[in-house]
>>> print(open('start21.txt').read())   # compact mmCIF, C-alpha atoms and all ligand atoms
# COMPACT_ATOMS: atom_id res chain seq x y z
CA MET A 1 -3.18 20.19 -28.85
CA PRO A 2 -1.54 16.75 -28.51
CA ALA A 3 0.80 15.73 -31.33
CA VAL A 4 -1.47 12.87 -32.42
CA ALA A 5 -4.42 15.19 -32.98
CA TRP A 6 -2.25 17.65 -34.84
CA ARG A 7 -0.94 14.93 -37.18
CA LEU A 8 -4.49 13.72 -37.84
CA LEU A 9 -5.58 17.25 -38.60
CA SER A 10 -2.70 18.10 -40.92
CA ALA A 11 -3.17 14.81 -42.77
CA ALA A 12 -6.83 15.64 -43.28
CA GLY A 13 -5.85 19.13 -44.31
CA LYS A 14 -3.44 17.86 -46.97
CA GLN A 15 -5.89 15.37 -48.46
CA ASN A 16 -8.77 17.74 -48.57
CA LYS A 17 -8.80 21.39 -47.68
CA ASN A 18 -12.46 21.10 -46.79
CA ILE A 19 -12.92 22.49 -43.30
CA PHE A 20 -15.70 19.99 -42.60
CA VAL A 21 -13.33 17.06 -43.03
CA MET A 22 -10.96 18.69 -40.58
CA ILE A 23 -13.71 19.22 -38.04
CA LYS A 24 -14.89 15.62 -38.46
CA THR A 25 -11.34 14.42 -37.89
CA LEU A 26 -10.99 16.52 -34.80
CA LEU A 27 -14.32 15.27 -33.45
CA ALA A 28 -13.28 11.66 -34.08
CA TYR A 29 -10.07 12.30 -32.15
CA ILE A 30 -11.97 13.74 -29.22
CA ILE A 31 -14.38 10.80 -29.11
CA ILE A 32 -11.62 8.20 -29.40
CA SER A 33 -9.50 9.78 -26.71
CA ALA A 34 -12.48 10.00 -24.37
CA ALA A 35 -13.16 6.31 -24.97
CA LEU A 36 -9.58 5.12 -24.47
CA CYS A 37 -9.53 5.29 -20.74
CA ALA A 38 -11.75 7.07 -18.33
CA CYS A 39 -8.65 6.87 -16.16
CA GLY A 40 -6.60 9.94 -15.45
CA GLY A 41 -3.55 8.23 -16.87
CA LYS A 42 -3.01 7.42 -20.54
CA ASN A 43 -3.10 3.69 -20.55
CA LYS A 44 -1.58 1.84 -23.48
CA ALA A 45 -2.84 -1.65 -22.72
CA ASN A 46 -6.49 -0.88 -23.31
CA ASP A 47 -6.32 1.33 -26.39
CA THR A 48 -8.67 -0.88 -28.37
CA ALA A 49 -11.38 -1.26 -25.77
CA GLY A 50 -14.72 0.47 -26.21
CA ALA A 51 -16.04 3.30 -24.12
CA SER A 52 -17.35 2.64 -20.65
CA ALA A 53 -17.49 4.39 -17.32
CA ALA A 54 -14.05 3.20 -16.25
CA GLU A 55 -11.56 0.69 -17.52
CA PRO A 56 -8.61 -1.26 -16.22
CA CYS A 57 -5.48 0.82 -16.55
CA GLY A 58 -1.84 0.83 -15.62
CA PRO A 59 0.80 -1.90 -15.86
CA VAL A 60 0.29 -5.54 -14.91
CA PHE A 61 1.18 -6.25 -11.28
CA ASN A 62 3.52 -9.26 -11.11
CA ALA A 63 2.53 -11.36 -8.09
CA ASP A 64 5.58 -13.63 -8.47
CA SER A 65 7.78 -10.58 -8.13
CA ALA A 66 5.85 -9.41 -5.05
CA TYR A 67 6.09 -12.93 -3.62
CA SER A 68 9.88 -12.88 -4.03
CA TYR A 69 10.10 -9.51 -2.24
CA CYS A 70 8.11 -11.04 0.58
CA ALA A 71 10.45 -14.03 0.79
CA ALA A 72 13.53 -11.80 0.60
CA GLN A 73 12.43 -9.93 3.74
CA CYS A 74 11.71 -13.19 5.57
CA ASP A 75 15.19 -14.44 4.64
CA PHE A 76 16.62 -11.83 7.01
CA GLY A 77 14.74 -13.55 9.85
CA PRO A 78 12.22 -11.76 12.12
CA ARG A 79 12.67 -7.95 11.72
CA VAL A 80 12.29 -7.22 15.41
CA MET A 81 13.18 -3.73 16.65
CA ASN A 82 16.84 -3.29 17.70
CA SER A 83 17.90 -6.54 16.01
CA GLU A 84 20.54 -6.90 13.32
CA ALA A 85 18.03 -8.55 10.95
CA HIS A 86 15.84 -5.47 11.32
CA GLU A 87 18.73 -3.14 10.55
CA ARG A 88 19.86 -5.15 7.52
CA CYS A 89 16.36 -5.60 6.10
CA GLY A 90 15.70 -1.87 6.42
CA GLU A 91 18.75 -1.14 4.31
CA TRP A 92 17.64 -3.76 1.79
CA ILE A 93 14.18 -2.15 1.50
CA ALA A 94 15.66 1.35 1.10
CA GLY A 95 18.12 0.00 -1.49
CA ARG A 96 15.33 -1.59 -3.57
CA PHE A 97 13.37 1.67 -3.70
CA GLU A 98 16.56 3.52 -4.67
CA ALA A 99 17.18 0.98 -7.42
CA TYR A 100 13.73 1.88 -8.80
CA GLY A 101 14.73 5.52 -8.98
CA MET A 102 12.91 6.75 -5.90
CA THR A 103 14.19 9.43 -3.56
CA VAL A 104 14.57 7.71 -0.20
CA THR A 105 14.43 9.36 3.22
CA ARG A 106 15.45 7.40 6.32
CA GLN A 107 13.62 9.00 9.22
CA LYS A 108 15.39 7.86 12.35
CA ALA A 109 14.11 8.30 15.91
CA VAL A 110 14.43 6.60 19.26
CA LEU A 111 10.92 5.71 20.40
CA ARG A 112 9.77 4.46 23.76
CA GLY A 113 8.04 1.06 23.84
CA TYR A 114 5.20 0.34 26.31
CA ASP A 115 7.76 -1.38 28.57
CA GLY A 116 10.23 1.51 28.40
CA THR A 117 12.50 -0.16 25.84
CA GLN A 118 14.27 2.39 23.64
CA LEU A 119 13.41 1.41 20.09
CA LYS A 120 15.77 2.47 17.30
CA SER A 121 13.17 3.25 14.68
CA THR A 122 13.55 4.06 10.99
CA ASN A 123 10.58 5.12 8.89
CA ILE A 124 11.60 4.63 5.26
CA ILE A 125 9.96 7.04 2.83
CA ALA A 126 10.43 6.47 -0.91
CA SER A 127 9.20 9.21 -3.21
CA HIS A 128 8.41 8.81 -6.91
CA LYS A 129 8.58 12.15 -8.77
CA PRO A 130 9.08 14.20 -5.59
CA GLU A 131 8.74 17.44 -7.59
CA ARG A 132 5.06 16.77 -8.28
CA LYS A 133 2.62 18.60 -6.08
CA GLU A 134 -0.32 16.24 -6.52
CA ARG A 135 0.53 13.06 -4.62
CA VAL A 136 -0.84 9.80 -3.24
CA MET A 137 0.62 7.95 -0.27
CA ILE A 138 0.84 4.16 0.00
CA CYS A 139 2.06 2.80 3.34
CA ALA A 140 2.72 -0.36 5.34
CA HIS A 141 4.75 -1.34 8.38
CA TRP A 142 8.03 -3.17 7.90
CA ASP A 143 8.96 -4.28 11.43
CA THR A 144 7.74 -7.61 12.83
CA ARG A 145 6.27 -8.57 16.17
CA PRO A 146 8.74 -9.68 18.87
CA TRP A 147 6.22 -12.05 20.43
CA ALA A 148 3.92 -14.67 18.89
CA ASP A 149 1.43 -14.04 21.68
CA ASN A 150 -1.54 -15.37 19.75
CA ASP A 151 0.05 -18.72 18.94
CA PRO A 152 -2.10 -21.75 19.78
CA ASP A 153 0.89 -23.11 21.75
CA SER A 154 1.64 -20.86 24.72
CA ALA A 155 5.26 -22.10 24.66
CA ASN A 156 5.63 -19.86 21.59
CA HIS A 157 4.21 -16.70 23.13
CA ARG A 158 7.63 -15.10 23.65
CA LYS A 159 9.12 -16.21 20.36
CA PRO A 160 9.28 -13.71 17.48
CA VAL A 161 6.89 -13.68 14.53
CA LEU A 162 8.50 -14.14 11.09
CA GLY A 163 5.93 -11.77 9.61
CA ALA A 164 5.60 -13.02 6.04
CA ASN A 165 2.10 -11.58 6.07
CA ASP A 166 2.29 -9.22 9.07
CA GLY A 167 5.18 -7.05 7.93
CA ALA A 168 6.61 -8.33 4.66
CA SER A 169 3.49 -8.51 2.48
CA GLY A 170 2.61 -4.81 2.51
CA VAL A 171 6.19 -3.78 1.76
CA ALA A 172 6.36 -6.44 -0.97
CA VAL A 173 3.30 -4.99 -2.73
CA MET A 174 4.78 -1.48 -2.43
CA LEU A 175 8.12 -2.62 -3.88
CA GLU A 176 6.42 -4.27 -6.85
CA VAL A 177 4.36 -1.14 -7.51
CA ALA A 178 7.56 0.93 -7.22
CA ARG A 179 9.28 -1.35 -9.73
CA LEU A 180 6.40 -0.80 -12.16
CA LEU A 181 6.45 2.97 -11.66
CA SER A 182 10.13 3.11 -12.54
CA SER A 183 9.25 2.34 -16.17
CA ALA A 184 5.73 3.79 -16.42
CA ASP A 185 5.08 7.06 -18.22
CA SER A 186 1.32 7.36 -17.83
CA LEU A 187 0.98 8.22 -14.18
CA SER A 188 -0.35 11.69 -13.42
CA VAL A 189 0.47 11.96 -9.72
CA GLY A 190 3.56 11.60 -7.57
CA VAL A 191 3.60 8.66 -5.16
CA ASP A 192 5.15 8.29 -1.71
CA PHE A 193 5.74 4.82 -0.31
CA VAL A 194 5.96 5.13 3.46
CA CYS A 195 7.33 2.12 5.36
CA PHE A 196 6.48 2.60 9.02
CA ASP A 197 8.67 1.11 11.69
CA ALA A 198 7.79 0.08 15.26
CA GLU A 199 4.19 -0.88 14.46
CA ASP A 200 4.13 -4.21 16.23
CA TRP A 201 5.72 -3.55 19.65
CA GLY A 202 2.24 -3.26 21.18
CA VAL A 203 1.52 -4.65 24.66
CA PRO A 204 1.61 -8.46 24.50
CA SER A 205 -1.28 -10.49 25.89
CA TRP A 206 0.99 -12.00 28.58
CA SER A 207 1.95 -8.60 30.02
CA ASP A 208 0.14 -6.99 32.97
CA VAL A 209 0.70 -3.57 31.44
CA ARG A 210 -2.60 -2.02 30.44
CA ASP A 211 -2.70 -0.92 26.81
CA ASP A 212 -3.68 2.74 26.55
CA GLY A 213 -4.44 2.13 22.87
CA ASN A 214 -1.20 3.79 21.75
CA SER A 215 1.33 1.01 22.20
CA PHE A 216 1.12 -0.07 18.54
CA ALA A 217 1.93 2.09 15.50
CA LEU A 218 4.77 4.00 17.19
CA GLY A 219 6.59 4.75 13.93
CA ALA A 220 3.38 6.02 12.31
CA GLN A 221 2.62 8.18 15.35
CA TYR A 222 6.07 9.72 15.08
CA TRP A 223 5.82 10.28 11.32
CA ALA A 224 2.31 11.76 11.58
CA ALA A 225 3.63 14.36 14.02
CA ASN A 226 6.88 14.85 12.01
CA PRO A 227 6.14 14.26 8.31
CA HIS A 228 9.19 13.90 6.06
CA VAL A 229 8.09 17.02 4.14
CA LYS A 230 6.77 20.12 5.90
CA GLY A 231 3.02 20.51 5.36
CA TYR A 232 2.86 17.19 3.51
CA LYS A 233 -0.67 16.79 2.12
CA PRO A 234 -1.19 14.03 -0.42
CA ARG A 235 -4.69 13.58 -1.84
CA PHE A 236 -5.14 10.44 0.25
CA GLY A 237 -3.35 7.46 1.73
CA VAL A 238 -3.78 3.69 1.52
CA LEU A 239 -2.36 1.46 4.24
CA LEU A 240 -1.56 -2.16 3.35
CA ASP A 241 -1.56 -4.46 6.37
CA MET A 242 -1.40 -8.24 6.00
CA VAL A 243 -2.24 -8.26 2.31
CA GLY A 244 -0.82 -11.67 1.35
CA GLY A 245 -2.67 -14.23 3.45
CA GLN A 246 -4.47 -17.30 2.16
CA GLY A 247 -8.22 -16.84 2.24
CA ALA A 248 -7.94 -13.12 3.02
CA ARG A 249 -11.01 -10.97 2.43
CA PHE A 250 -10.81 -7.20 2.77
CA TYR A 251 -13.97 -5.87 4.33
CA ARG A 252 -14.50 -2.12 4.83
CA GLU A 253 -12.66 -1.09 7.99
CA ALA A 254 -14.49 1.25 10.37
CA PHE A 255 -11.86 4.02 10.92
CA SER A 256 -11.41 4.13 7.13
CA MET A 257 -15.18 4.57 6.73
CA GLN A 258 -15.15 7.32 9.36
CA TYR A 259 -12.21 9.36 8.03
CA ALA A 260 -12.04 8.54 4.32
CA PRO A 261 -15.28 6.98 3.00
CA GLY A 262 -14.63 8.32 -0.49
CA VAL A 263 -11.25 6.60 -0.61
CA VAL A 264 -12.84 3.32 0.52
CA GLU A 265 -15.34 3.64 -2.32
CA LYS A 266 -12.60 4.44 -4.84
CA VAL A 267 -10.54 1.41 -3.85
CA TRP A 268 -13.44 -1.06 -3.58
CA ASP A 269 -14.79 0.16 -6.96
CA ALA A 270 -11.35 -0.38 -8.51
CA ALA A 271 -11.20 -3.94 -7.14
CA GLU A 272 -14.69 -4.70 -8.45
CA LEU A 273 -13.82 -3.28 -11.86
CA LEU A 274 -10.79 -5.57 -12.09
CA GLY A 275 -12.80 -8.66 -11.16
CA PHE A 276 -11.47 -8.84 -7.60
CA GLY A 277 -14.81 -8.05 -6.00
CA SER A 278 -14.81 -11.34 -4.10
CA TYR A 279 -11.64 -10.23 -2.26
CA PHE A 280 -13.20 -6.86 -1.41
CA PRO A 281 -16.75 -7.42 -0.15
CA VAL A 282 -18.81 -4.26 0.14
CA GLU A 283 -19.49 -5.09 3.76
CA ASN A 284 -18.25 -3.75 7.06
CA GLY A 285 -15.42 -5.45 8.93
CA GLY A 286 -13.84 -4.46 12.23
CA MET A 287 -12.54 -1.21 13.67
CA ILE A 288 -8.78 -1.63 13.65
CA SER A 289 -6.25 0.49 15.56
CA ASP A 290 -3.55 0.55 12.96
CA ASP A 291 -1.00 2.90 11.36
CA HIS A 292 -3.75 4.77 9.49
CA VAL A 293 -5.29 6.08 12.74
CA PRO A 294 -2.47 8.56 13.59
CA VAL A 295 -2.15 9.39 9.88
CA ASN A 296 -5.81 10.45 9.90
CA GLN A 297 -5.94 11.96 13.39
CA ILE A 298 -2.55 13.66 13.67
CA ALA A 299 -1.45 14.30 10.06
CA GLY A 300 -4.99 14.90 8.80
CA ILE A 301 -4.47 12.81 5.67
CA PRO A 302 -7.57 10.81 4.69
CA THR A 303 -6.18 7.28 4.79
CA ILE A 304 -7.79 3.87 4.60
CA ASP A 305 -6.63 0.46 5.80
CA ILE A 306 -6.70 -2.56 3.54
CA VAL A 307 -6.63 -5.20 6.27
CA PRO A 308 -8.13 -8.70 6.22
CA TYR A 309 -11.16 -9.76 8.16
CA TYR A 310 -11.92 -13.43 8.74
CA PRO A 311 -15.42 -13.50 10.26
CA GLU A 312 -15.30 -17.28 10.77
CA CYS A 313 -11.78 -17.64 12.20
CA GLU A 314 -11.69 -18.74 15.84
CA ALA A 315 -8.03 -17.90 16.45
CA SER A 316 -8.27 -14.28 15.23
CA SER A 317 -10.38 -12.13 12.95
CA PHE A 318 -7.04 -11.26 11.28
CA GLY A 319 -6.69 -14.91 10.25
CA PRO A 320 -5.25 -18.15 11.58
CA THR A 321 -1.54 -17.22 11.46
CA TRP A 322 -1.82 -13.74 12.99
CA HIS A 323 0.83 -13.25 15.71
CA THR A 324 1.78 -16.91 15.60
CA VAL A 325 5.03 -18.63 14.65
CA HIS A 326 3.18 -19.85 11.53
CA ASP A 327 3.12 -16.47 9.81
CA ASP A 328 5.58 -17.70 7.20
CA MET A 329 5.84 -17.98 3.40
CA SER A 330 3.87 -21.24 3.32
CA HIS A 331 0.74 -19.24 4.15
CA ILE A 332 1.26 -16.50 1.58
CA ASP A 333 -0.99 -16.66 -1.47
CA ARG A 334 0.11 -14.98 -4.70
CA ASN A 335 -3.55 -14.53 -5.65
CA THR A 336 -4.12 -12.31 -2.62
CA LEU A 337 -1.03 -10.25 -3.47
CA GLN A 338 -2.32 -9.99 -7.06
CA ALA A 339 -5.79 -8.79 -6.02
CA VAL A 340 -4.40 -6.10 -3.73
CA GLY A 341 -1.46 -5.11 -5.93
CA GLN A 342 -3.46 -4.73 -9.14
CA THR A 343 -6.10 -2.77 -7.25
CA VAL A 344 -3.42 -0.36 -5.96
CA VAL A 345 -2.08 0.05 -9.52
CA GLN A 346 -5.60 0.77 -10.75
CA VAL A 347 -6.18 3.38 -8.06
CA LEU A 348 -2.90 5.16 -8.82
CA PHE A 349 -3.22 5.15 -12.61
CA SER A 350 -6.82 6.32 -12.55
CA GLU A 351 -5.89 9.48 -10.63
CA GLY A 352 -6.08 12.50 -12.90
CA GLU A 353 -3.69 15.44 -12.83
C1 LIG A 401 -4.96 -4.36 16.97
O1 LIG A 401 -4.66 -5.51 17.21
C2 LIG A 401 -5.78 -3.53 17.85
N1 LIG A 401 -4.55 -3.79 15.85
C3 LIG A 401 -3.77 -4.50 14.89
C4 LIG A 401 -2.60 -3.76 14.47
C5 LIG A 401 -1.68 -4.71 13.85
C6 LIG A 401 -0.84 -5.55 14.49
N2 LIG A 401 -1.55 -4.93 12.55
C7 LIG A 401 -0.65 -5.84 12.40
N3 LIG A 401 -0.21 -6.25 13.54
ZN ZN A 402 1.09 -7.56 14.00
>>> encode(input="start21.txt", output="structure tokens", more="lines below")
Ligand code: AHN
Ligand code: ZN
Amino acid sequence: MPAVAWRLLSAAGKQNKNIFVMIKTLLAYIIISAALCACGGKNKANDTAGASAAEPCGPVFNADSAYSYCAAQCDFGPRVMNSEAHERCGEWIAGRFEAYGMTVTRQKAVLRGYDGTQLKSTNIIASHKPERKERVMICAHWDTRPWADNDPDSANHRKPVLGANDGASGVAVMLEVARLLSSADSLSVGVDFVCFDAEDWGVPSWSDVRDDGNSFALGAQYWAANPHVKGYKPRFGVLLDMVGGQGARFYREAFSMQYAPGVVEKVWDAAELLGFGSYFPVENGGMISDDHVPVNQIAGIPTIDIVPYYPECEASSFGPTWHTVHDDMSHIDRNTLQAVGQTVVQVLFSEGE
């Protein structure tokens, strides 16, 4: 019996030996604890709220902090494979997770790009409470695209993308969640933050090479075939791709619906509960070949993709700055980071043991 219940009981016992008072006290405890949080975790912030199906739980996600993690990555410059900025930023990311008490694995491999380039790839895996068996995986790619091949100005098509949104934003949300976990005591599961490398070396639009559909997500393909822990099987995974853009709306992505419909429902319900329903319409978006596809198909981990869909955007359904030289901090919106980040916190803290 939890200490609180025992104290209540003994107090009742001292005041009045009547067994009925003790039973009443015990019943009151059971009702109150059921009402506190339908979440798996033991949230402190909502102790006074009344009973309902589910309630907000977990710490407050700080969007300013996430924004600064986004900017810090951009300050290295484009994190293009085989570049010094890439190398240095990778160490910075690993160092941040280590500072938040996570166990960090650097999974290095030389991968072959569509054009034969040897890519020095590092998947960075940061584990919170690695001894726990019950786990959830959060993931995002950390490399940035070498070519802004969707820029409105074709003179920019061979220039690198800074990747404030496409690269930095997902890692920024993960780092902020990791920072919160380092001082949280009410989480029931272990969490692995997986930063995939070599996501964005996919065949550029100006190349004559035909894309076989596997030229993106090279780091995720490698990890899915060689997970950092043998037989790694978290309950589910959530991929964060481009989660900081202005005007972003996260529609239900088709591979996610195919492989992990229950996880989609869990995440969209969490967003709705928190008042972020407008960011997460319960409507279908596109079918996106992204890091979650090998994670589902090769590793067999039910994993969804939180990825924006702009039905009205001419330039790209991923939004106006996608694979352009304008994917910089001036188009990052803290409100988008907040909606996604708080939703991730909710999902994690509502997992039971
Ligand atoms: C396709 O363009 C088919 N998938 C998008 C994967 C991606 C690139 N995510 C970010 N950059
Ligand atoms: Zn990209």
>>> atom_distance(input="start21.txt", atom1="CA of Val264 (chain A)", atom2="CA of Asp143 (chain A)")
25.5 Å
>>> residues_near_ligand(input="start21.txt", ligand="ligand LIG 401 (chain A)", cutoff="8 Å", atoms="all atoms listed in the file", output="PyMOL selection string")
chain A and resi 145+166-167+199-200+202+213+216-217+241-242+288-291+322-323
>>> residues_around(input="start21.txt", residues="region 64-78 of chain A", least_positions_apart="3", cutoff="10 Å", atoms="all atoms listed in the file", output="ChimeraX atom specification")
/A:61,81,83-90,92-93,96,142-146,159-165,167-177,179,244,328-329,332-335,337-338,341
>>> closest_residue(input="start21.txt", among="A:Val209, A:Val325, A:Ala54, A:Met257", to="ligand ZN 402 (chain A)", atoms="all atoms listed in the file")
A:Val325
>>> residues_around(input="start21.txt", residues="Tyr222 (chain A)", least_positions_apart="3", cutoff="12 Å", atoms="all atoms listed in the file", output="JSON, numbers by chain")
{"A": [107, 108, 109, 110, 111, 112, 121, 122, 123, 196, 197, 198, 199, 214, 216, 217, 218, 219, 225, 226, 227, 228, 291, 294, 295, 298, 299]}
>>> closest_residue(input="start21.txt", among="A:Thr343, A:Thr321, A:Gln118, A:Ser188", to="ligand ZN 402 (chain A)", atoms="all atoms listed in the file")
A:Thr321
>>> closest_residue(input="start21.txt", among="A:Trp223, A:Val340, A:Ala126, A:Phe236", to="Gly277 (chain A)", atoms="all atoms listed in the file")
A:Val340
>>> residues_around(input="start21.txt", residues="Tyr309 (chain A)", least_positions_apart="4", cutoff="9 Å", atoms="all atoms listed in the file", output="number ranges by chain")
A: 248-253, 285-286, 313, 316-319
>>> write_last_selection(input="start21.txt", atoms="C-alpha atoms", output="compact mmCIF listing (two decimals), keeping the file's coordinate frame")
# COMPACT_ATOMS: atom_id res chain seq x y z
CA ALA A 248 -7.94 -13.12 3.02
CA ARG A 249 -11.01 -10.97 2.43
CA PHE A 250 -10.81 -7.20 2.77
CA TYR A 251 -13.97 -5.87 4.33
CA ARG A 252 -14.50 -2.12 4.83
CA GLU A 253 -12.66 -1.09 7.99
CA GLY A 285 -15.42 -5.45 8.93
CA GLY A 286 -13.84 -4.46 12.23
CA CYS A 313 -11.78 -17.64 12.20
CA SER A 316 -8.27 -14.28 15.23
CA SER A 317 -10.38 -12.13 12.95
CA PHE A 318 -7.04 -11.26 11.28
CA GLY A 319 -6.69 -14.91 10.25
>>> atom_distance(input="start21.txt", atom1="CA of Ala148 (chain A)", atom2="CA of Glu91 (chain A)")
24.8 Å
>>> atom_distance(input="start21.txt", atom1="CA of Asp115 (chain A)", atom2="CA of His157 (chain A)")
16.6 Å
>>> residues_around(input="start21.txt", residues="Ile125 (chain A)", least_positions_apart="5", cutoff="6 Å", atoms="only C-alpha atoms", output="list in words")
Val104, Thr105, Phe193 and Val194 of chain A
>>> closest_residue(input="start21.txt", among="A:Glu265, A:Asp208, A:Glu98, A:Asp327", to="ligand ZN 402 (chain A)", atoms="all atoms listed in the file")
A:Asp327
>>> residues_around(input="start21.txt", residues="Ser205 (chain A)", least_positions_apart="5", cutoff="12 Å", atoms="all atoms listed in the file", output="count of residues only")
11
>>> closest_residue(input="start21.txt", among="A:Tyr232, A:Ala271, A:Val307, A:Gln258", to="ligand ZN 402 (chain A)", atoms="only C-alpha atoms and all ligand atoms")
A:Val307
